[in-house]
$ cat structure.cif   # mmCIF, C-alpha atoms
data_final
#
loop_
_atom_site.label_atom_id
_atom_site.label_comp_id
_atom_site.auth_asym_id
_atom_site.auth_seq_id
_atom_site.Cartn_x
_atom_site.Cartn_y
_atom_site.Cartn_z
CA MET H 22 25.45 -44.58 0.40
CA THR H 23 27.51 -47.75 0.83
CA GLU H 24 28.42 -49.66 4.00
CA GLU H 25 32.02 -48.44 3.59
CA ILE H 26 30.91 -44.79 3.46
CA ILE H 27 28.81 -45.27 6.60
CA LYS H 28 31.76 -46.96 8.35
CA GLN H 29 34.11 -44.11 7.45
CA CYS H 30 31.58 -41.49 8.62
CA LYS H 31 31.36 -43.24 11.99
CA GLU H 32 35.16 -43.35 12.29
CA LEU H 33 35.39 -39.60 11.64
CA LEU H 34 32.61 -38.81 14.11
CA GLU H 35 34.37 -40.88 16.78
CA ALA H 36 37.65 -39.05 16.10
CA LEU H 37 35.82 -35.70 16.42
CA GLY H 38 34.25 -36.83 19.69
CA ILE H 39 30.72 -36.59 18.30
CA PRO H 40 28.28 -39.33 19.40
CA TYR H 41 26.21 -41.11 16.77
CA ILE H 42 23.31 -43.56 16.92
CA GLN H 43 22.71 -46.41 14.49
CA SER H 44 18.96 -46.32 13.92
CA PRO H 45 17.27 -49.70 13.39
CA SER H 46 14.88 -48.09 10.90
CA GLU H 47 14.24 -44.47 9.84
CA GLY H 48 16.66 -41.82 11.13
CA GLU H 49 13.77 -39.38 11.65
CA ALA H 50 11.99 -41.94 13.83
CA GLN H 51 15.03 -42.41 16.06
CA ALA H 52 15.68 -38.66 16.31
CA SER H 53 12.02 -37.97 17.14
CA TYR H 54 12.09 -40.63 19.85
CA MET H 55 15.17 -39.03 21.41
CA VAL H 56 13.51 -35.61 21.48
CA LYS H 57 10.39 -37.11 23.09
CA LYS H 58 12.64 -38.69 25.74
CA GLY H 59 14.31 -35.35 26.43
CA ASP H 60 17.75 -36.50 25.22
CA ALA H 61 17.73 -33.84 22.49
CA TYR H 62 16.05 -30.48 22.01
CA ALA H 63 14.73 -30.84 18.48
CA VAL H 64 14.96 -32.85 15.28
CA GLY H 65 16.85 -30.97 12.57
CA SER H 66 15.28 -32.07 9.30
CA GLN H 67 13.46 -30.87 6.20
CA ASP H 68 11.09 -33.83 6.54
CA TYR H 69 7.70 -33.14 8.10
CA ASP H 70 7.43 -36.87 8.89
CA CYS H 71 9.12 -36.03 12.21
CA LEU H 72 5.88 -34.36 13.31
CA LEU H 73 3.82 -37.36 12.25
CA ILE H 74 6.12 -39.58 14.33
CA GLY H 75 5.61 -37.22 17.25
CA SER H 76 8.72 -35.08 17.63
CA PRO H 77 7.76 -32.21 19.99
CA VAL H 78 10.01 -29.78 18.11
CA LEU H 79 11.17 -29.73 14.48
CA VAL H 80 13.81 -27.30 13.21
CA ARG H 81 13.94 -26.80 9.44
CA ASN H 82 16.54 -25.05 7.26
CA LEU H 83 19.35 -25.92 9.68
CA THR H 84 22.30 -25.05 7.46
CA SER H 85 25.71 -23.46 8.03
CA THR H 86 25.48 -21.40 4.83
CA GLY H 87 22.01 -19.88 5.21
CA ARG H 88 21.03 -21.07 1.74
CA ARG H 89 19.54 -24.13 0.07
CA LYS H 90 19.92 -25.53 -3.44
CA LEU H 91 16.77 -25.37 -5.54
CA PRO H 92 15.62 -28.82 -6.74
CA GLY H 93 16.83 -29.64 -10.25
CA LYS H 94 18.59 -26.29 -10.69
CA GLU H 95 22.10 -24.91 -10.31
CA ALA H 96 20.71 -22.11 -8.18
CA TYR H 97 20.34 -21.37 -4.48
CA THR H 98 17.83 -19.53 -2.33
CA LYS H 99 18.26 -17.93 1.07
CA VAL H 100 16.62 -19.79 3.93
CA HIS H 101 15.87 -18.96 7.54
CA LEU H 102 15.62 -21.23 10.56
CA ARG H 103 12.08 -22.33 11.23
CA GLN H 104 10.99 -23.93 14.51
CA ILE H 105 7.76 -25.93 14.53
CA ARG H 106 6.20 -27.11 17.79
CA LEU H 107 3.86 -30.08 17.46
CA LYS H 108 1.49 -29.44 20.39
CA THR H 109 1.09 -25.76 19.53
CA ASN H 110 0.11 -26.56 15.96
CA LEU H 111 -2.20 -29.43 16.88
CA LYS H 112 -4.01 -27.13 19.31
CA SER H 113 -4.25 -24.40 16.68
CA LEU H 114 -5.67 -26.84 14.11
CA GLY H 115 -7.99 -28.48 16.63
CA ILE H 116 -6.84 -32.04 15.89
CA SER H 117 -4.87 -34.87 17.52
CA GLN H 118 -1.56 -36.35 16.37
CA LYS H 119 -3.43 -39.41 15.07
CA GLN H 120 -5.68 -37.11 13.04
CA LEU H 121 -2.59 -35.35 11.68
CA ILE H 122 -1.41 -38.74 10.45
CA ASP H 123 -4.83 -39.33 8.88
CA MET H 124 -4.52 -35.98 7.11
CA ALA H 125 -1.14 -37.06 5.76
CA ILE H 126 -2.62 -40.34 4.47
CA LEU H 127 -5.20 -38.37 2.51
CA ILE H 128 -2.54 -35.99 1.12
CA GLY H 129 0.09 -38.68 0.55
CA THR H 130 3.12 -39.91 2.46
CA ASP H 131 6.33 -41.79 1.66
CA PHE H 132 4.23 -44.94 2.00
CA ASN H 133 1.12 -44.09 -0.03
CA ASP H 134 0.20 -41.82 -2.95
CA GLY H 135 -2.71 -40.03 -1.34
CA ILE H 136 -6.02 -39.06 -2.93
CA LYS H 137 -5.90 -36.97 -6.09
CA GLY H 138 -7.13 -33.42 -5.57
CA ILE H 139 -6.74 -33.42 -1.79
CA GLY H 140 -4.24 -31.01 -0.27
CA PRO H 141 -3.65 -29.76 3.28
CA LYS H 142 -6.75 -27.54 3.54
CA LYS H 143 -9.19 -30.08 2.14
CA SER H 144 -7.75 -32.94 4.20
CA LEU H 145 -8.01 -30.85 7.38
CA ALA H 146 -11.65 -30.08 6.65
CA LEU H 147 -12.43 -33.74 5.90
CA ILE H 148 -10.75 -35.04 9.06
CA LYS H 149 -12.36 -32.41 11.31
CA LYS H 150 -15.77 -33.16 9.83
CA ASN H 151 -15.49 -36.97 9.77
CA GLY H 152 -13.12 -37.72 12.65
CA ASN H 153 -10.74 -40.09 10.89
CA VAL H 154 -9.47 -41.11 7.49
CA GLU H 155 -11.74 -44.17 7.19
CA ASN H 156 -14.89 -42.06 7.62
CA ALA H 157 -13.50 -39.36 5.32
CA LEU H 158 -12.78 -41.88 2.54
CA ALA H 159 -16.34 -43.23 2.81
CA THR H 160 -17.59 -39.82 1.65
CA LEU H 161 -15.31 -39.72 -1.42
CA ALA H 162 -15.76 -41.23 -4.86
CA ALA H 163 -12.05 -41.57 -5.57
CA GLU H 164 -9.81 -44.16 -7.19
CA ASN H 165 -6.97 -46.05 -5.52
CA ILE H 166 -8.43 -45.64 -2.04
CA PRO H 167 -6.27 -47.52 0.50
CA SER H 168 -7.83 -50.45 2.33
CA PHE H 169 -8.41 -50.41 6.09
CA GLU H 170 -5.43 -52.77 6.50
CA GLU H 171 -3.17 -50.44 4.51
CA ILE H 172 -4.33 -47.46 6.58
CA LYS H 173 -3.60 -49.36 9.79
CA GLU H 174 -0.14 -50.30 8.53
CA ILE H 175 0.72 -46.71 7.56
CA ARG H 176 -0.55 -45.39 10.91
CA ASN H 177 1.61 -47.88 12.79
CA ILE H 178 4.71 -46.75 10.90
CA PHE H 179 4.26 -43.32 12.48
CA LEU H 180 2.68 -44.30 15.81
CA LYS H 181 4.89 -47.32 16.56
CA PRO H 182 8.22 -46.73 14.78
CA VAL H 183 11.11 -49.13 15.31
CA VAL H 184 13.68 -47.34 17.51
CA THR H 185 16.43 -48.22 19.96
CA ASP H 186 17.46 -47.22 23.49
CA ASP H 187 20.94 -48.61 22.86
CA TYR H 188 22.84 -45.33 22.62
CA SER H 189 25.00 -43.06 24.74
CA LEU H 190 25.38 -39.31 24.25
CA ASN H 191 28.92 -38.82 25.54
CA TRP H 192 31.22 -36.06 24.22
CA PRO H 193 34.79 -37.26 24.92
CA GLY H 194 36.55 -34.49 22.97
CA THR H 195 38.49 -34.43 19.70
CA ASN H 196 41.42 -36.67 18.85
CA ASN H 197 43.19 -34.24 16.54
CA GLU H 198 45.89 -36.64 15.39
CA LEU H 199 43.32 -39.27 14.47
CA VAL H 200 41.25 -36.70 12.57
CA LEU H 201 44.35 -35.63 10.62
CA LYS H 202 45.22 -39.26 9.90
CA ILE H 203 41.73 -39.98 8.55
CA LEU H 204 41.37 -36.82 6.47
CA CYS H 205 44.96 -36.16 5.39
CA ASP H 206 46.59 -39.59 5.19
CA LYS H 207 43.57 -41.57 3.96
CA HIS H 208 41.66 -38.95 1.98
CA GLN H 209 44.35 -36.52 0.80
CA PHE H 210 43.11 -33.37 2.50
CA THR H 211 45.93 -30.94 3.26
CA ARG H 212 46.95 -30.19 6.84
CA GLU H 213 46.80 -26.48 5.99
CA ARG H 214 43.08 -26.88 5.35
CA ILE H 215 42.22 -29.10 8.33
CA GLU H 216 44.37 -27.77 11.19
CA PRO H 217 42.76 -24.27 11.35
CA ILE H 218 39.33 -25.90 11.48
CA LEU H 219 40.40 -28.19 14.30
CA GLU H 220 41.72 -25.16 16.19
CA LYS H 221 38.34 -23.40 15.88
CA TYR H 222 36.60 -26.61 16.91
CA SER H 223 38.74 -26.94 20.06
CA ASN H 224 37.77 -23.37 21.02
CA VAL H 225 34.08 -24.34 20.85
CA GLU H 226 34.78 -27.39 23.03
CA HIS H 227 36.49 -25.15 25.59
CA MET H 228 33.52 -22.75 25.63
CA MET H 229 31.05 -25.60 26.15
CA LYS H 230 32.96 -26.70 29.27
CA GLN H 231 32.59 -23.23 30.80
CA LYS H 232 29.07 -23.67 32.11
CA THR H 233 28.92 -20.16 33.56
CA LEU H 234 28.98 -18.68 30.05
CA PHE H 235 25.45 -20.00 29.55
#

$ encode --input "structure.cif" --output "structure tokens"
Amino acid sequence: MTEEIIKQCKELLEALGIPYIQSPSEGEAQASYMVKKGDAYAVGSQDYDCLLIGSPVLVRNLTSTGRRKLPGKEAYTKVHLRQIRLKTNLKSLGISQKQLIDMAILIGTDFNDGIKGIGPKKSLALIKKNGNVENALATLAAENIPSFEEIKEIRNIFLKPVVTDDYSLNWPGTNNELVLKILCDKHQFTRERIEPILEKYSNVEHMMKQKTLF
């Protein structure tokens, strides 16, 4: 993913009239922040980190095809939309968001390897019994246990992510000629392929303006 690819993606989004936000750090962190603010309904992601960051709602398997490629294979499996609500699950598990993060530290995150032999069930039991990850680790005779400073740093990644308020969610509408110029003139797509899609897209825009339909 080069700077030029990112630049071209932004140009196409602008031509389609779709707002975008340049996140100062992780995309999931920015999206989760926007959902917490009420600027969006849910984060659409396969990454459970959104729940650790505090997104109230996570939607998984958000695809247009209804299928997902199996890792490392030339095969696909059918998938169904799955909505996960953070507060509902925390209440069901009997833990806080901070304790959910502590569970993740025991299991392993993008920022630490976790403790060998500890999965979701065992980590939940340890955190509920001991209160936090520091107390839980004190009961274990394991190798590569993270230090208190490392635990604090990992927690802060999820509890205090770097995000921005510098964004605007305006939907100005599609500039069809600019879209055609970008896709057809610059990237050799045929007009026969793009124009029918733009026509369908304009119908959706028209429907969204008719508030009484919803």

$ resolve_selection --input "structure.cif" --expression "the PyMOL selection byres ((chain H and resi 66) around 8)" --output "PDB file with C-alpha atoms, in the coordinates of the input"
ATOM      1  CA  GLU H  49      13.770 -39.380  11.650  1.00  0.00           C
ATOM      2  CA  VAL H  64      14.960 -32.850  15.280  1.00  0.00           C
ATOM      3  CA  GLY H  65      16.850 -30.970  12.570  1.00  0.00           C
ATOM      4  CA  GLN H  67      13.460 -30.870   6.200  1.00  0.00           C
ATOM      5  CA  ASP H  68      11.090 -33.830   6.540  1.00  0.00           C
ATOM      6  CA  TYR H  69       7.700 -33.140   8.100  1.00  0.00           C
ATOM      7  CA  CYS H  71       9.120 -36.030  12.210  1.00  0.00           C
ATOM      8  CA  LEU H  79      11.170 -29.730  14.480  1.00  0.00           C
ATOM      9  CA  VAL H  80      13.810 -27.300  13.210  1.00  0.00           C
ATOM     10  CA  ARG H  81      13.940 -26.800   9.440  1.00  0.00           C
ATOM     11  CA  ASN H  82      16.540 -25.050   7.260  1.00  0.00           C
ATOM     12  CA  LEU H  83      19.350 -25.920   9.680  1.00  0.00           C
TER      13      LEU H  83
END

$ atom_distance --input "structure.cif" --atom1 "CA of Arg88 in chain H" --atom2 "CA of Val100 in chain H"
5.1 Å

$ resolve_selection --input "structure.cif" --expression "the PyMOL selection byres ((chain H and resi 147-155) around 12)" --output "PDB file with C-alpha atoms, in the coordinates of the input"
ATOM      1  CA  LEU H 111      -2.200 -29.430  16.880  1.00  0.00           C
ATOM      2  CA  LEU H 114      -5.670 -26.840  14.110  1.00  0.00           C
ATOM      3  CA  GLY H 115      -7.990 -28.480  16.630  1.00  0.00           C
ATOM      4  CA  ILE H 116      -6.840 -32.040  15.890  1.00  0.00           C
ATOM      5  CA  SER H 117      -4.870 -34.870  17.520  1.00  0.00           C
ATOM      6  CA  GLN H 118      -1.560 -36.350  16.370  1.00  0.00           C
ATOM      7  CA  LYS H 119      -3.430 -39.410  15.070  1.00  0.00           C
ATOM      8  CA  GLN H 120      -5.680 -37.110  13.040  1.00  0.00           C
ATOM      9  CA  LEU H 121      -2.590 -35.350  11.680  1.00  0.00           C
ATOM     10  CA  ILE H 122      -1.410 -38.740  10.450  1.00  0.00           C
ATOM     11  CA  ASP H 123      -4.830 -39.330   8.880  1.00  0.00           C
ATOM     12  CA  MET H 124      -4.520 -35.980   7.110  1.00  0.00           C
ATOM     13  CA  ALA H 125      -1.140 -37.060   5.760  1.00  0.00           C
ATOM     14  CA  ILE H 126      -2.620 -40.340   4.470  1.00  0.00           C
ATOM     15  CA  LEU H 127      -5.200 -38.370   2.510  1.00  0.00           C
ATOM     16  CA  ILE H 128      -2.540 -35.990   1.120  1.00  0.00           C
ATOM     17  CA  GLY H 135      -2.710 -40.030  -1.340  1.00  0.00           C
ATOM     18  CA  ILE H 136      -6.020 -39.060  -2.930  1.00  0.00           C
ATOM     19  CA  ILE H 139      -6.740 -33.420  -1.790  1.00  0.00           C
ATOM     20  CA  GLY H 140      -4.240 -31.010  -0.270  1.00  0.00           C
ATOM     21  CA  PRO H 141      -3.650 -29.760   3.280  1.00  0.00           C
ATOM     22  CA  LYS H 142      -6.750 -27.540   3.540  1.00  0.00           C
ATOM     23  CA  LYS H 143      -9.190 -30.080   2.140  1.00  0.00           C
ATOM     24  CA  SER H 144      -7.750 -32.940   4.200  1.00  0.00           C
ATOM     25  CA  LEU H 145      -8.010 -30.850   7.380  1.00  0.00           C
ATOM     26  CA  ALA H 146     -11.650 -30.080   6.650  1.00  0.00           C
ATOM     27  CA  ASN H 156     -14.890 -42.060   7.620  1.00  0.00           C
ATOM     28  CA  ALA H 157     -13.500 -39.360   5.320  1.00  0.00           C
ATOM     29  CA  LEU H 158     -12.780 -41.880   2.540  1.00  0.00           C
ATOM     30  CA  ALA H 159     -16.340 -43.230   2.810  1.00  0.00           C
ATOM     31  CA  THR H 160     -17.590 -39.820   1.650  1.00  0.00           C
ATOM     32  CA  LEU H 161     -15.310 -39.720  -1.420  1.00  0.00           C
ATOM     33  CA  ILE H 166      -8.430 -45.640  -2.040  1.00  0.00           C
ATOM     34  CA  PRO H 167      -6.270 -47.520   0.500  1.00  0.00           C
ATOM     35  CA  SER H 168      -7.830 -50.450   2.330  1.00  0.00           C
ATOM     36  CA  PHE H 169      -8.410 -50.410   6.090  1.00  0.00           C
ATOM     37  CA  GLU H 170      -5.430 -52.770   6.500  1.00  0.00           C
ATOM     38  CA  GLU H 171      -3.170 -50.440   4.510  1.00  0.00           C
ATOM     39  CA  ILE H 172      -4.330 -47.460   6.580  1.00  0.00           C
ATOM     40  CA  LYS H 173      -3.600 -49.360   9.790  1.00  0.00           C
ATOM     41  CA  ILE H 175       0.720 -46.710   7.560  1.00  0.00           C
ATOM     42  CA  ARG H 176      -0.550 -45.390  10.910  1.00  0.00           C
TER      43      ARG H 176
END

$ residues_near_point --input "structure.cif" --point "(12.1, -41.5, 7.9)" --cutoff "10 Å" --atoms "only C-alpha atoms" --output "tab-separated table (two decimals) with C-alpha atoms, keeping the file's coordinate frame"
chain	number	residue	atom	x	y	z
H	46	SER	CA	14.88	-48.09	10.90
H	47	GLU	CA	14.24	-44.47	9.84
H	48	GLY	CA	16.66	-41.82	11.13
H	49	GLU	CA	13.77	-39.38	11.65
H	50	ALA	CA	11.99	-41.94	13.83
H	51	GLN	CA	15.03	-42.41	16.06
H	52	ALA	CA	15.68	-38.66	16.31
H	53	SER	CA	12.02	-37.97	17.14
H	68	ASP	CA	11.09	-33.83	6.54
H	69	TYR	CA	7.70	-33.14	8.10
H	70	ASP	CA	7.43	-36.87	8.89
H	71	CYS	CA	9.12	-36.03	12.21
H	74	ILE	CA	6.12	-39.58	14.33
H	131	ASP	CA	6.33	-41.79	1.66
H	178	ILE	CA	4.71	-46.75	10.90
H	179	PHE	CA	4.26	-43.32	12.48
H	182	PRO	CA	8.22	-46.73	14.78

$ closest_residue --input "structure.cif" --among "H:Pro45, H:Pro77, H:Gly87, H:Gly38" --to "Lys57 in chain H" --atoms "all atoms listed in the file"
H:Pro77

$ closest_atom_pairs --input "structure.cif" --of "range 163-206 of chain H" --to "range 213-216 of chain H" --cutoff "12 Å" --atoms "all atoms listed in the file" --output "JSON lines"
{"residue": "H:Asn197", "atom": "CA", "partner": "H:Glu216", "partner_atom": "CA", "distance": 8.5}
{"residue": "H:Glu198", "atom": "CA", "partner": "H:Glu216", "partner_atom": "CA", "distance": 9.9}
{"residue": "H:Leu199", "atom": "CA", "partner": "H:Ile215", "partner_atom": "CA", "distance": 11.9}
{"residue": "H:Val200", "atom": "CA", "partner": "H:Ile215", "partner_atom": "CA", "distance": 8.8}
{"residue": "H:Leu201", "atom": "CA", "partner": "H:Ile215", "partner_atom": "CA", "distance": 7.2}
{"residue": "H:Lys202", "atom": "CA", "partner": "H:Ile215", "partner_atom": "CA", "distance": 10.7}
{"residue": "H:Ile203", "atom": "CA", "partner": "H:Ile215", "partner_atom": "CA", "distance": 10.9}
{"residue": "H:Leu204", "atom": "CA", "partner": "H:Ile215", "partner_atom": "CA", "distance": 8.0}
{"residue": "H:Cys205", "atom": "CA", "partner": "H:Ile215", "partner_atom": "CA", "distance": 8.1}
{"residue": "H:Asp206", "atom": "CA", "partner": "H:Ile215", "partner_atom": "CA", "distance": 11.8}

$ atom_distance --input "structure.cif" --atom1 "CA of Ile42 in chain H" --atom2 "CA of Ile26 in chain H"
15.5 Å

$ atom_distance --input "structure.cif" --atom1 "CA of Leu180 in chain H" --atom2 "CA of Arg106 in chain H"
17.7 Å

$ closest_residue --input "structure.cif" --among "H:Ala61, H:Leu91, H:Ala96, H:Ile105" --to "Val78 in chain H" --atoms "all atoms listed in the file"
H:Ile105

$ decode --input "structure.cif" --residues "range 96-116 of chain H" --atoms "N, CA and C atoms" --output "PDB file, in the first residue's frame"
ATOM      1  N   ALA H  96     -10.075 -21.149  -2.021  1.00  0.00           N
ATOM      2  CA  ALA H  96     -11.432 -21.615  -1.734  1.00  0.00           C
ATOM      3  C   ALA H  96     -12.155 -20.557  -0.913  1.00  0.00           C
ATOM      4  N   TYR H  97     -13.491 -20.588  -0.980  1.00  0.00           N
ATOM      5  CA  TYR H  97     -14.304 -19.599  -0.299  1.00  0.00           C
ATOM      6  C   TYR H  97     -15.339 -20.292   0.587  1.00  0.00           C
ATOM      7  N   THR H  98     -15.783 -19.570   1.599  1.00  0.00           N
ATOM      8  CA  THR H  98     -16.834 -20.083   2.462  1.00  0.00           C
ATOM      9  C   THR H  98     -17.925 -19.026   2.595  1.00  0.00           C
ATOM     10  N   LYS H  99     -19.152 -19.476   2.732  1.00  0.00           N
ATOM     11  CA  LYS H  99     -20.254 -18.538   2.922  1.00  0.00           C
ATOM     12  C   LYS H  99     -20.158 -17.905   4.307  1.00  0.00           C
ATOM     13  N   VAL H 100     -20.487 -16.623   4.382  1.00  0.00           N
ATOM     14  CA  VAL H 100     -20.473 -15.931   5.665  1.00  0.00           C
ATOM     15  C   VAL H 100     -21.782 -15.164   5.843  1.00  0.00           C
ATOM     16  N   HIS H 101     -22.108 -14.899   7.087  1.00  0.00           N
ATOM     17  CA  HIS H 101     -23.319 -14.157   7.402  1.00  0.00           C
ATOM     18  C   HIS H 101     -22.950 -12.969   8.285  1.00  0.00           C
ATOM     19  N   LEU H 102     -23.692 -11.884   8.123  1.00  0.00           N
ATOM     20  CA  LEU H 102     -23.454 -10.713   8.956  1.00  0.00           C
ATOM     21  C   LEU H 102     -23.574 -11.065  10.432  1.00  0.00           C
ATOM     22  N   ARG H 103     -22.678 -10.524  11.217  1.00  0.00           N
ATOM     23  CA  ARG H 103     -22.698 -10.771  12.653  1.00  0.00           C
ATOM     24  C   ARG H 103     -22.525  -9.437  13.383  1.00  0.00           C
ATOM     25  N   GLN H 104     -23.489  -9.088  14.202  1.00  0.00           N
ATOM     26  CA  GLN H 104     -23.433  -7.848  14.966  1.00  0.00           C
ATOM     27  C   GLN H 104     -23.079  -8.164  16.414  1.00  0.00           C
ATOM     28  N   ILE H 105     -22.041  -7.485  16.915  1.00  0.00           N
ATOM     29  CA  ILE H 105     -21.601  -7.708  18.295  1.00  0.00           C
ATOM     30  C   ILE H 105     -21.701  -6.391  19.057  1.00  0.00           C
ATOM     31  N   ARG H 106     -22.446  -6.404  20.148  1.00  0.00           N
ATOM     32  CA  ARG H 106     -22.601  -5.210  20.984  1.00  0.00           C
ATOM     33  C   ARG H 106     -21.724  -5.344  22.230  1.00  0.00           C
ATOM     34  N   LEU H 107     -20.873  -4.349  22.440  1.00  0.00           N
ATOM     35  CA  LEU H 107     -19.880  -4.407  23.509  1.00  0.00           C
ATOM     36  C   LEU H 107     -20.518  -4.498  24.888  1.00  0.00           C
ATOM     37  N   LYS H 108     -21.426  -3.574  25.224  1.00  0.00           N
ATOM     38  CA  LYS H 108     -22.001  -3.550  26.574  1.00  0.00           C
ATOM     39  C   LYS H 108     -22.756  -4.834  26.893  1.00  0.00           C
ATOM     40  N   THR H 109     -23.488  -5.341  25.908  1.00  0.00           N
ATOM     41  CA  THR H 109     -24.256  -6.575  26.117  1.00  0.00           C
ATOM     42  C   THR H 109     -23.335  -7.731  26.477  1.00  0.00           C
ATOM     43  N   ASN H 110     -22.218  -7.835  25.756  1.00  0.00           N
ATOM     44  CA  ASN H 110     -21.292  -8.937  25.997  1.00  0.00           C
ATOM     45  C   ASN H 110     -20.509  -8.764  27.291  1.00  0.00           C
ATOM     46  N   LEU H 111     -20.139  -7.535  27.613  1.00  0.00           N
ATOM     47  CA  LEU H 111     -19.440  -7.301  28.883  1.00  0.00           C
ATOM     48  C   LEU H 111     -20.337  -7.669  30.065  1.00  0.00           C
ATOM     49  N   LYS H 112     -21.620  -7.306  29.957  1.00  0.00           N
ATOM     50  CA  LYS H 112     -22.573  -7.641  31.015  1.00  0.00           C
ATOM     51  C   LYS H 112     -22.745  -9.146  31.128  1.00  0.00           C
ATOM     52  N   SER H 113     -22.825  -9.815  29.972  1.00  0.00           N
ATOM     53  CA  SER H 113     -22.990 -11.267  29.972  1.00  0.00           C
ATOM     54  C   SER H 113     -21.782 -11.978  30.582  1.00  0.00           C
ATOM     55  N   LEU H 114     -20.588 -11.449  30.311  1.00  0.00           N
ATOM     56  CA  LEU H 114     -19.358 -12.056  30.838  1.00  0.00           C
ATOM     57  C   LEU H 114     -19.083 -11.644  32.284  1.00  0.00           C
ATOM     58  N   GLY H 115     -19.690 -10.539  32.706  1.00  0.00           N
ATOM     59  CA  GLY H 115     -19.465 -10.062  34.067  1.00  0.00           C
ATOM     60  C   GLY H 115     -18.123  -9.394  34.252  1.00  0.00           C
ATOM     61  N   ILE H 116     -17.660  -8.657  33.215  1.00  0.00           N
ATOM     62  CA  ILE H 116     -16.368  -7.977  33.285  1.00  0.00           C
ATOM     63  C   ILE H 116     -16.514  -6.554  32.738  1.00  0.00           C
TER      64      ILE H 116
END
